[in-house]
>>> print(open('final_31.csv').read())   # CSV, N, CA and C atoms
chain,number,residue,atom,x,y,z
J,153,MET,N,-10.0,-16.0,20.1
J,153,MET,CA,-10.9,-15.7,19.0
J,153,MET,C,-10.6,-16.7,17.9
J,154,ASP,N,-11.6,-17.4,17.3
J,154,ASP,CA,-11.4,-18.4,16.3
J,154,ASP,C,-11.3,-17.7,14.9
J,155,LYS,N,-10.8,-18.5,13.9
J,155,LYS,CA,-10.6,-17.9,12.6
J,155,LYS,C,-11.8,-17.4,11.9
J,156,LEU,N,-13.0,-18.0,12.2
J,156,LEU,CA,-14.2,-17.5,11.6
J,156,LEU,C,-14.6,-16.2,12.1
J,157,SER,N,-14.4,-16.0,13.4
J,157,SER,CA,-14.7,-14.6,14.0
J,157,SER,C,-13.7,-13.6,13.5
J,158,ILE,N,-12.4,-14.0,13.4
J,158,ILE,CA,-11.4,-13.1,12.9
J,158,ILE,C,-11.7,-12.7,11.4
J,159,ALA,N,-12.2,-13.7,10.6
J,159,ALA,CA,-12.5,-13.5,9.2
J,159,ALA,C,-13.6,-12.4,9.0
J,160,LYS,N,-14.4,-12.3,10.0
J,160,LYS,CA,-15.5,-11.3,9.9
J,160,LYS,C,-15.1,-9.9,10.4
J,161,LEU,N,-13.9,-9.8,11.0
J,161,LEU,CA,-13.5,-8.4,11.4
J,161,LEU,C,-13.5,-7.5,10.3
J,162,LYS,N,-13.7,-6.2,10.5
J,162,LYS,CA,-13.7,-5.2,9.5
J,162,LYS,C,-12.3,-4.7,9.4
J,163,VAL,N,-11.9,-4.3,8.1
J,163,VAL,CA,-10.6,-3.8,7.8
J,163,VAL,C,-10.3,-2.6,8.7
J,164,SER,N,-11.3,-1.8,9.0
J,164,SER,CA,-11.1,-0.6,9.8
J,164,SER,C,-10.6,-0.9,11.2
J,165,ASN,N,-10.8,-2.1,11.6
J,165,ASN,CA,-10.3,-2.5,13.0
J,165,ASN,C,-8.8,-2.9,13.0
J,166,ILE,N,-8.2,-3.2,11.8
J,166,ILE,CA,-6.8,-3.7,11.8
J,166,ILE,C,-5.9,-2.8,11.0
J,167,MET,N,-6.4,-2.0,10.2
J,167,MET,CA,-5.6,-1.2,9.2
J,167,MET,C,-4.7,-0.2,10.0
J,168,THR,N,-3.6,0.1,9.3
J,168,THR,CA,-2.7,1.2,9.8
J,168,THR,C,-3.4,2.5,9.4
J,169,LYS,N,-3.6,3.4,10.3
J,169,LYS,CA,-4.3,4.6,10.0
J,169,LYS,C,-3.4,5.8,9.8
J,170,THR,N,-2.3,5.8,10.5
J,170,THR,CA,-1.3,6.9,10.3
J,170,THR,C,-0.3,6.5,9.3
J,171,LEU,N,-0.4,7.1,8.1
J,171,LEU,CA,0.4,6.6,7.0
J,171,LEU,C,1.4,7.7,6.5
J,172,ILE,N,2.5,7.2,6.1
J,172,ILE,CA,3.5,8.0,5.4
J,172,ILE,C,3.2,8.0,3.9
J,173,THR,N,2.9,9.2,3.3
J,173,THR,CA,2.5,9.3,2.0
J,173,THR,C,3.4,10.2,1.2
J,174,ALA,N,3.2,10.3,-0.1
J,174,ALA,CA,3.9,11.3,-1.0
J,174,ALA,C,3.0,11.7,-2.0
J,175,THR,N,3.3,12.8,-2.7
J,175,THR,CA,2.6,13.2,-3.9
J,175,THR,C,3.3,12.8,-5.1
J,176,SER,N,2.6,12.7,-6.3
J,176,SER,CA,3.2,12.2,-7.5
J,176,SER,C,4.3,13.0,-8.1
J,177,ASP,N,4.5,14.3,-7.6
J,177,ASP,CA,5.5,15.1,-8.2
J,177,ASP,C,6.9,15.0,-7.5
J,178,VAL,N,7.0,14.3,-6.4
J,178,VAL,CA,8.3,14.2,-5.7
J,178,VAL,C,9.2,13.2,-6.6
J,179,THR,N,10.5,13.4,-6.4
J,179,THR,CA,11.4,12.5,-7.1
J,179,THR,C,11.5,11.2,-6.4
J,180,VAL,N,12.0,10.2,-7.2
J,180,VAL,CA,12.1,8.9,-6.7
J,180,VAL,C,13.1,8.9,-5.5
J,181,GLU,N,14.1,9.7,-5.6
J,181,GLU,CA,15.1,9.8,-4.5
J,181,GLU,C,14.4,10.3,-3.2
J,182,VAL,N,13.5,11.3,-3.3
J,182,VAL,CA,12.8,11.8,-2.1
J,182,VAL,C,11.9,10.7,-1.6
J,183,ALA,N,11.2,10.0,-2.5
J,183,ALA,CA,10.3,8.9,-2.0
J,183,ALA,C,11.1,7.8,-1.3
J,184,VAL,N,12.2,7.4,-1.8
J,184,VAL,CA,13.0,6.4,-1.2
J,184,VAL,C,13.6,6.8,0.1
J,185,ARG,N,14.0,8.0,0.2
J,185,ARG,CA,14.5,8.6,1.5
J,185,ARG,C,13.3,8.5,2.5
J,186,ARG,N,12.1,8.9,2.1
J,186,ARG,CA,11.0,8.9,3.0
J,186,ARG,C,10.7,7.5,3.5
J,187,MET,N,10.8,6.5,2.6
J,187,MET,CA,10.5,5.1,3.0
J,187,MET,C,11.6,4.6,4.0
J,188,ILE,N,12.8,4.9,3.7
J,188,ILE,CA,13.9,4.5,4.6
J,188,ILE,C,13.8,5.2,5.9
J,189,ASP,N,13.6,6.5,5.9
J,189,ASP,CA,13.6,7.3,7.2
J,189,ASP,C,12.4,6.8,8.1
J,190,ASN,N,11.3,6.4,7.5
J,190,ASN,CA,10.2,6.0,8.2
J,190,ASN,C,10.0,4.4,8.3
J,191,ASP,N,11.0,3.7,7.8
J,191,ASP,CA,11.0,2.2,7.9
J,191,ASP,C,9.7,1.6,7.3
J,192,VAL,N,9.3,2.1,6.1
J,192,VAL,CA,8.1,1.5,5.5
J,192,VAL,C,8.6,1.0,4.1
J,193,GLU,N,7.9,0.0,3.6
J,193,GLU,CA,8.2,-0.6,2.3
J,193,GLU,C,7.4,-0.1,1.1
J,194,CYS,N,6.5,0.8,1.4
J,194,CYS,CA,5.7,1.4,0.3
J,194,CYS,C,5.2,2.8,0.7
J,195,LEU,N,4.9,3.6,-0.3
J,195,LEU,CA,4.3,4.9,-0.1
J,195,LEU,C,3.0,5.0,-0.9
J,196,PRO,N,1.9,5.2,-0.3
J,196,PRO,CA,0.7,5.5,-1.0
J,196,PRO,C,0.9,6.9,-1.6
J,197,ILE,N,0.5,7.1,-2.8
J,197,ILE,CA,0.7,8.4,-3.5
J,197,ILE,C,-0.7,9.1,-3.5
J,198,VAL,N,-0.8,10.3,-2.9
J,198,VAL,CA,-2.1,11.0,-2.8
J,198,VAL,C,-2.0,12.3,-3.5
J,199,ASN,N,-3.2,12.9,-3.8
J,199,ASN,CA,-3.2,14.3,-4.3
J,199,ASN,C,-3.5,15.2,-3.1
J,200,ALA,N,-3.7,16.5,-3.4
J,200,ALA,CA,-3.9,17.5,-2.3
J,200,ALA,C,-5.1,17.2,-1.5
J,201,LYS,N,-6.1,16.5,-2.0
J,201,LYS,CA,-7.3,16.2,-1.3
J,201,LYS,C,-7.2,14.9,-0.4
J,202,GLY,N,-6.0,14.2,-0.5
J,202,GLY,CA,-5.8,13.0,0.2
J,202,GLY,C,-6.4,11.8,-0.6
J,203,GLU,N,-6.7,12.0,-1.8
J,203,GLU,CA,-7.3,10.9,-2.7
J,203,GLU,C,-6.1,10.0,-3.2
J,204,LEU,N,-6.3,8.7,-3.2
J,204,LEU,CA,-5.2,7.8,-3.6
J,204,LEU,C,-5.0,7.9,-5.2
J,205,CYS,N,-3.8,8.1,-5.6
J,205,CYS,CA,-3.5,8.2,-7.0
J,205,CYS,C,-2.6,7.0,-7.5
J,206,GLY,N,-1.9,6.4,-6.5
J,206,GLY,CA,-1.0,5.3,-6.9
J,206,GLY,C,-0.3,4.8,-5.7
J,207,LEU,N,0.7,3.9,-5.9
J,207,LEU,CA,1.4,3.3,-4.8
J,207,LEU,C,2.8,3.0,-5.4
J,208,ILE,N,3.8,3.3,-4.6
J,208,ILE,CA,5.2,3.0,-5.0
J,208,ILE,C,5.8,2.1,-3.9
J,209,THR,N,6.6,1.1,-4.3
J,209,THR,CA,7.2,0.2,-3.4
J,209,THR,C,8.7,0.1,-3.7
J,210,PHE,N,9.5,-0.4,-2.8
J,210,PHE,CA,10.9,-0.6,-3.0
J,210,PHE,C,11.1,-1.5,-4.3
J,211,ARG,N,10.2,-2.4,-4.5
J,211,ARG,CA,10.3,-3.3,-5.7
J,211,ARG,C,10.1,-2.5,-6.9
J,212,ASP,N,9.2,-1.5,-7.0
J,212,ASP,CA,9.1,-0.6,-8.1
J,212,ASP,C,10.4,0.1,-8.4
J,213,VAL,N,11.0,0.6,-7.4
J,213,VAL,CA,12.3,1.3,-7.5
J,213,VAL,C,13.4,0.4,-8.1
J,214,VAL,N,13.5,-0.7,-7.5
J,214,VAL,CA,14.5,-1.7,-7.9
J,214,VAL,C,14.3,-2.1,-9.4
J,215,LYS,N,13.1,-2.4,-9.7
J,215,LYS,CA,12.7,-2.9,-11.0
J,215,LYS,C,12.8,-1.8,-12.1
J,216,LYS,N,12.3,-0.6,-11.8
J,216,LYS,CA,12.2,0.4,-12.8
J,216,LYS,C,13.3,1.4,-12.8
J,217,VAL,N,14.1,1.5,-11.8
J,217,VAL,CA,15.2,2.4,-11.7
J,217,VAL,C,16.5,1.8,-11.6
J,218,VAL,N,16.7,1.0,-10.6
J,218,VAL,CA,18.0,0.4,-10.3
J,218,VAL,C,18.4,-0.7,-11.3
J,219,TYR,N,17.5,-1.7,-11.5
J,219,TYR,CA,17.8,-2.8,-12.3
J,219,TYR,C,18.0,-2.4,-13.8
J,220,THR,N,17.3,-1.4,-14.2
J,220,THR,CA,17.4,-0.9,-15.6
J,220,THR,C,18.7,-0.1,-15.8
J,221,SER,N,19.4,0.1,-14.7
J,221,SER,CA,20.6,1.0,-14.8
J,221,SER,C,20.3,2.4,-15.3
J,222,ALA,N,19.0,2.8,-15.1
J,222,ALA,CA,18.6,4.1,-15.6
J,222,ALA,C,19.1,5.1,-14.5
J,223,PHE,N,19.4,6.3,-15.0
J,223,PHE,CA,19.7,7.4,-14.0
J,223,PHE,C,18.4,8.0,-13.6
J,224,GLY,N,17.6,7.2,-12.8
J,224,GLY,CA,16.3,7.5,-12.6
J,224,GLY,C,16.0,8.2,-11.3
J,225,TRP,N,17.0,8.6,-10.5
J,225,TRP,CA,16.7,9.3,-9.2
J,225,TRP,C,16.0,10.6,-9.4
J,226,GLU,N,16.1,11.2,-10.6
J,226,GLU,CA,15.5,12.5,-10.9
J,226,GLU,C,14.0,12.3,-11.4
J,227,LEU,N,13.7,11.0,-11.7
J,227,LEU,CA,12.3,10.7,-12.2
J,227,LEU,C,11.4,11.1,-11.1
J,228,THR,N,10.2,11.5,-11.5
J,228,THR,CA,9.1,11.7,-10.4
J,228,THR,C,8.5,10.4,-10.1
J,229,VAL,N,7.9,10.3,-9.0
J,229,VAL,CA,7.1,9.1,-8.5
J,229,VAL,C,6.0,8.8,-9.6
J,230,ASP,N,5.4,9.8,-10.1
J,230,ASP,CA,4.4,9.6,-11.1
J,230,ASP,C,4.8,8.7,-12.3
J,231,GLU,N,6.1,8.8,-12.6
J,231,GLU,CA,6.7,8.1,-13.8
J,231,GLU,C,6.9,6.6,-13.5
J,232,ILE,N,6.9,6.2,-12.2
J,232,ILE,CA,7.2,4.7,-11.9
J,232,ILE,C,6.1,4.1,-11.0
J,233,MET,N,5.2,4.9,-10.4
J,233,MET,CA,4.3,4.3,-9.5
J,233,MET,C,3.3,3.4,-10.2
J,234,VAL,N,2.7,2.5,-9.4
J,234,VAL,CA,1.6,1.7,-9.9
J,234,VAL,C,0.3,2.6,-9.8
J,235,LYS,N,-0.4,2.8,-10.9
J,235,LYS,CA,-1.5,3.7,-10.9
J,235,LYS,C,-2.9,3.0,-10.8
J,236,ASN,N,-2.9,1.8,-11.2
J,236,ASN,CA,-4.2,1.0,-11.1
J,236,ASN,C,-4.1,0.2,-9.9
J,237,VAL,N,-4.3,0.8,-8.7
J,237,VAL,CA,-4.1,0.2,-7.4
J,237,VAL,C,-5.4,-0.5,-7.0
J,238,THR,N,-5.3,-1.8,-6.6
J,238,THR,CA,-6.4,-2.5,-6.0
J,238,THR,C,-6.6,-2.0,-4.6
J,239,THR,N,-7.8,-1.6,-4.2
J,239,THR,CA,-8.1,-1.0,-2.9
J,239,THR,C,-9.3,-1.8,-2.3
J,240,VAL,N,-9.4,-1.5,-1.0
J,240,VAL,CA,-10.6,-2.1,-0.2
J,240,VAL,C,-11.2,-0.9,0.6
J,241,SER,N,-12.4,-1.1,1.0
J,241,SER,CA,-13.1,-0.1,1.8
J,241,SER,C,-12.9,-0.5,3.3
J,242,PRO,N,-13.1,0.5,4.2
J,242,PRO,CA,-13.0,0.2,5.6
J,242,PRO,C,-14.0,-0.9,6.1
J,243,ASP,N,-15.1,-1.1,5.4
J,243,ASP,CA,-16.1,-2.1,5.8
J,243,ASP,C,-15.8,-3.5,5.2
J,244,SER,N,-14.7,-3.6,4.4
J,244,SER,CA,-14.4,-4.9,3.9
J,244,SER,C,-14.0,-5.8,5.1
J,245,THR,N,-14.2,-7.1,5.0
J,245,THR,CA,-13.8,-8.0,6.1
J,245,THR,C,-12.4,-8.6,5.8
J,246,LEU,N,-11.8,-9.1,6.9
J,246,LEU,CA,-10.5,-9.8,6.7
J,246,LEU,C,-10.6,-10.9,5.7
J,247,LEU,N,-11.7,-11.6,5.6
J,247,LEU,CA,-11.8,-12.7,4.6
J,247,LEU,C,-11.8,-12.1,3.2
J,248,ASP,N,-12.5,-10.9,3.0
J,248,ASP,CA,-12.4,-10.2,1.7
J,248,ASP,C,-11.0,-9.9,1.3
J,249,ILE,N,-10.2,-9.3,2.2
J,249,ILE,CA,-8.9,-8.9,1.8
J,249,ILE,C,-7.9,-10.1,1.7
J,250,ILE,N,-8.2,-11.1,2.5
J,250,ILE,CA,-7.3,-12.3,2.3
J,250,ILE,C,-7.5,-12.9,0.9
J,251,LYS,N,-8.8,-13.0,0.5
J,251,LYS,CA,-9.0,-13.5,-0.9
J,251,LYS,C,-8.4,-12.6,-1.9
J,252,ILE,N,-8.5,-11.3,-1.8
J,252,ILE,CA,-7.9,-10.4,-2.8
J,252,ILE,C,-6.4,-10.5,-2.8
J,253,MET,N,-5.8,-10.5,-1.6
J,253,MET,CA,-4.3,-10.5,-1.5
J,253,MET,C,-3.8,-11.8,-2.0
J,254,LYS,N,-4.5,-12.9,-1.7
J,254,LYS,CA,-4.0,-14.3,-2.1
J,254,LYS,C,-4.2,-14.4,-3.6
J,255,ASN,N,-5.3,-14.1,-4.2
J,255,ASN,CA,-5.6,-14.3,-5.6
J,255,ASN,C,-4.8,-13.4,-6.5
J,256,ARG,N,-4.5,-12.2,-6.0
J,256,ARG,CA,-3.7,-11.2,-6.8
J,256,ARG,C,-2.3,-11.1,-6.4
J,257,HIS,N,-1.8,-11.9,-5.5
J,257,HIS,CA,-0.4,-12.0,-5.0
J,257,HIS,C,0.0,-10.6,-4.6
J,258,LEU,N,-0.8,-10.0,-3.7
J,258,LEU,CA,-0.5,-8.7,-3.2
J,258,LEU,C,0.0,-8.8,-1.7
J,259,ARG,N,0.9,-7.9,-1.3
J,259,ARG,CA,1.4,-7.8,0.0
J,259,ARG,C,0.7,-6.7,0.9
J,260,ARG,N,0.1,-5.8,0.2
J,260,ARG,CA,-0.5,-4.7,0.9
J,260,ARG,C,-1.7,-4.2,0.1
J,261,LEU,N,-2.7,-3.6,0.8
J,261,LEU,CA,-3.9,-3.1,0.2
J,261,LEU,C,-4.2,-1.7,0.8
J,262,PRO,N,-4.2,-0.6,0.0
J,262,PRO,CA,-4.7,0.6,0.6
J,262,PRO,C,-6.2,0.6,0.8
J,263,VAL,N,-6.6,1.3,1.9
J,263,VAL,CA,-8.0,1.3,2.3
J,263,VAL,C,-8.5,2.7,2.0
J,264,VAL,N,-9.5,2.8,1.1
J,264,VAL,CA,-10.1,4.1,0.7
J,264,VAL,C,-11.6,4.2,1.1
J,265,ASP,N,-12.0,5.5,1.3
J,265,ASP,CA,-13.4,5.7,1.6
J,265,ASP,C,-14.2,5.8,0.2
J,266,ALA,N,-15.5,6.1,0.3
J,266,ALA,CA,-16.3,6.2,-0.9
J,266,ALA,C,-15.8,7.3,-1.9
J,267,SER,N,-15.1,8.3,-1.4
J,267,SER,CA,-14.6,9.3,-2.3
J,267,SER,C,-13.1,9.1,-2.7
J,268,ASN,N,-12.6,7.9,-2.5
J,268,ASN,CA,-11.3,7.5,-2.9
J,268,ASN,C,-10.2,8.1,-2.0
J,269,LYS,N,-10.6,8.7,-0.9
J,269,LYS,CA,-9.7,9.2,0.1
J,269,LYS,C,-9.0,8.1,0.8
J,270,LEU,N,-7.7,8.2,0.9
J,270,LEU,CA,-6.9,7.2,1.6
J,270,LEU,C,-7.1,7.3,3.1
J,271,VAL,N,-7.6,6.2,3.7
J,271,VAL,CA,-7.8,6.2,5.2
J,271,VAL,C,-7.0,5.2,5.9
J,272,GLY,N,-6.3,4.3,5.2
J,272,GLY,CA,-5.5,3.3,5.9
J,272,GLY,C,-4.8,2.4,4.9
J,273,LEU,N,-4.1,1.4,5.5
J,273,LEU,CA,-3.3,0.4,4.7
J,273,LEU,C,-3.3,-0.9,5.5
J,274,VAL,N,-3.6,-2.0,4.8
J,274,VAL,CA,-3.5,-3.3,5.4
J,274,VAL,C,-2.4,-4.1,4.7
J,275,THR,N,-1.5,-4.7,5.5
J,275,THR,CA,-0.4,-5.5,4.9
J,275,THR,C,-0.5,-6.9,5.3
J,276,ASN,N,0.4,-7.7,4.6
J,276,ASN,CA,0.4,-9.1,5.0
J,276,ASN,C,0.9,-9.3,6.4
J,277,PHE,N,1.7,-8.4,6.9
J,277,PHE,CA,2.1,-8.4,8.3
J,277,PHE,C,0.9,-8.3,9.3
J,278,ASP,N,0.0,-7.3,8.9
J,278,ASP,CA,-1.2,-7.1,9.8
J,278,ASP,C,-2.0,-8.5,9.8
J,279,LEU,N,-2.1,-9.2,8.7
J,279,LEU,CA,-2.8,-10.4,8.7
J,279,LEU,C,-2.1,-11.5,9.5
J,280,ALA,N,-0.8,-11.5,9.5
J,280,ALA,CA,0.0,-12.5,10.2
J,280,ALA,C,-0.2,-12.3,11.7
J,281,LEU,N,-0.5,-11.1,12.2
J,281,LEU,CA,-0.7,-10.8,13.6
J,281,LEU,C,-2.0,-11.5,14.0
J,282,PHE,N,-2.9,-11.8,13.1
J,282,PHE,CA,-4.2,-12.5,13.4
J,282,PHE,C,-4.1,-13.9,13.0
J,283,GLY,N,-2.9,-14.4,12.7
J,283,GLY,CA,-2.8,-15.9,12.4
J,283,GLY,C,-3.1,-16.3,11.0
J,284,TRP,N,-3.1,-15.3,10.0
J,284,TRP,CA,-3.4,-15.6,8.6
J,284,TRP,C,-2.1,-15.5,7.9
J,285,GLU,N,-1.6,-16.5,7.3
J,285,GLU,CA,-0.4,-16.5,6.4
J,285,GLU,C,-0.9,-16.6,5.0
J,286,LEU,N,-0.3,-15.8,4.1
J,286,LEU,CA,-0.7,-15.8,2.7
J,286,LEU,C,0.2,-16.7,1.8
J,287,GLU,N,1.3,-17.1,2.3
J,287,GLU,CA,2.3,-17.8,1.5
J,287,GLU,C,2.2,-19.2,1.6
>>> encode(input="final_31.csv", output="structure tokens")
Amino acid sequence: MDKLSIAKLKVSNIMTKTLITATSDVTVEVAVRRMIDNDVECLPIVNAKGELCGLITFRDVVKKVVYTSAFGWELTVDEIMVKNVTTVSPDSTLLDIIKIMKNRHLRRLPVVDASNKLVGLVTNFDLALFGWELE
């Protein structure tokens, strides 16, 4: 498959669909344990309807809890998560997400449907599997 054909692939064809998530009321400690236990670098934060509310990464934890020397393990995820999350739809193409990730220096993009329900996640690793390097 050539790069042009790959660029036209829909996000829904490559995204991770089975996601480990959390709600915004869990503590940072619980979120970190969930990431470690499931070997993931980020947790999409969803509400009871499965709608995306934010995203927390190991970098968020290091920057906002560990680095600041705060005693932040009791903080809730809501207090440190990124709330203005850039997302894509399942119908976005690989070219669309490559542009977004490269221009905004992102490593991952949550995929949401028209009602903002989380349906998947695309990472820079997913793109690398198709021969696209962002760095």
>>> residues_around(input="final_31.csv", residues="Val178 in chain J", least_positions_apart="3", cutoff="12 Å", atoms="only C-alpha atoms", output="list in words")
Thr173, Ala174, Thr175, Glu181, Val182, Ala183, Val184, Arg185, Arg186, Leu195, Ile197, Val198, Asn199, Ile208, Trp225, Glu226, Leu227, Thr228, Val229, Asp230, Glu231, Ile232 and Met233 of chain J
>>> write_last_selection(input="final_31.csv", atoms="N, CA and C atoms", output="CSV table (one decimal), in the coordinates of the input")
chain,number,residue,atom,x,y,z
J,173,THR,N,2.9,9.2,3.3
J,173,THR,CA,2.5,9.3,2.0
J,173,THR,C,3.4,10.2,1.2
J,174,ALA,N,3.2,10.3,-0.1
J,174,ALA,CA,3.9,11.3,-1.0
J,174,ALA,C,3.0,11.7,-2.0
J,175,THR,N,3.3,12.8,-2.7
J,175,THR,CA,2.6,13.2,-3.9
J,175,THR,C,3.3,12.8,-5.1
J,181,GLU,N,14.1,9.7,-5.6
J,181,GLU,CA,15.1,9.8,-4.5
J,181,GLU,C,14.4,10.3,-3.2
J,182,VAL,N,13.5,11.3,-3.3
J,182,VAL,CA,12.8,11.8,-2.1
J,182,VAL,C,11.9,10.7,-1.6
J,183,ALA,N,11.2,10.0,-2.5
J,183,ALA,CA,10.3,8.9,-2.0
J,183,ALA,C,11.1,7.8,-1.3
J,184,VAL,N,12.2,7.4,-1.8
J,184,VAL,CA,13.0,6.4,-1.2
J,184,VAL,C,13.6,6.8,0.1
J,185,ARG,N,14.0,8.0,0.2
J,185,ARG,CA,14.5,8.6,1.5
J,185,ARG,C,13.3,8.5,2.5
J,186,ARG,N,12.1,8.9,2.1
J,186,ARG,CA,11.0,8.9,3.0
J,186,ARG,C,10.7,7.5,3.5
J,195,LEU,N,4.9,3.6,-0.3
J,195,LEU,CA,4.3,4.9,-0.1
J,195,LEU,C,3.0,5.0,-0.9
J,197,ILE,N,0.5,7.1,-2.8
J,197,ILE,CA,0.7,8.4,-3.5
J,197,ILE,C,-0.7,9.1,-3.5
J,198,VAL,N,-0.8,10.3,-2.9
J,198,VAL,CA,-2.1,11.0,-2.8
J,198,VAL,C,-2.0,12.3,-3.5
J,199,ASN,N,-3.2,12.9,-3.8
J,199,ASN,CA,-3.2,14.3,-4.3
J,199,ASN,C,-3.5,15.2,-3.1
J,208,ILE,N,3.8,3.3,-4.6
J,208,ILE,CA,5.2,3.0,-5.0
J,208,ILE,C,5.8,2.1,-3.9
J,225,TRP,N,17.0,8.6,-10.5
J,225,TRP,CA,16.7,9.3,-9.2
J,225,TRP,C,16.0,10.6,-9.4
J,226,GLU,N,16.1,11.2,-10.6
J,226,GLU,CA,15.5,12.5,-10.9
J,226,GLU,C,14.0,12.3,-11.4
J,227,LEU,N,13.7,11.0,-11.7
J,227,LEU,CA,12.3,10.7,-12.2
J,227,LEU,C,11.4,11.1,-11.1
J,228,THR,N,10.2,11.5,-11.5
J,228,THR,CA,9.1,11.7,-10.4
J,228,THR,C,8.5,10.4,-10.1
J,229,VAL,N,7.9,10.3,-9.0
J,229,VAL,CA,7.1,9.1,-8.5
J,229,VAL,C,6.0,8.8,-9.6
J,230,ASP,N,5.4,9.8,-10.1
J,230,ASP,CA,4.4,9.6,-11.1
J,230,ASP,C,4.8,8.7,-12.3
J,231,GLU,N,6.1,8.8,-12.6
J,231,GLU,CA,6.7,8.1,-13.8
J,231,GLU,C,6.9,6.6,-13.5
J,232,ILE,N,6.9,6.2,-12.2
J,232,ILE,CA,7.2,4.7,-11.9
J,232,ILE,C,6.1,4.1,-11.0
J,233,MET,N,5.2,4.9,-10.4
J,233,MET,CA,4.3,4.3,-9.5
J,233,MET,C,3.3,3.4,-10.2
>>> closest_residue(input="final_31.csv", among="J:Leu171, J:Leu261, J:Val163, J:Val213", to="Pro242 in chain J", atoms="only N, CA and C atoms")
J:Val163
>>> atom_distance(input="final_31.csv", atom1="atom C of Thr275 in chain J", atom2="CA of Val217 in chain J")
24.9 Å
>>> closest_residue(input="final_31.csv", among="J:Ile252, J:Leu281, J:Val218, J:Leu258", to="Val180 in chain J", atoms="only C-alpha atoms")
J:Val218
>>> select_by_dssp(input="final_31.csv", residues="chain J", states="strand (DSSP E or B)", output="ChimeraX atom specification")
/J:162,168,174,179,194-198,203-209,228,234,240,245,260-264,269-275
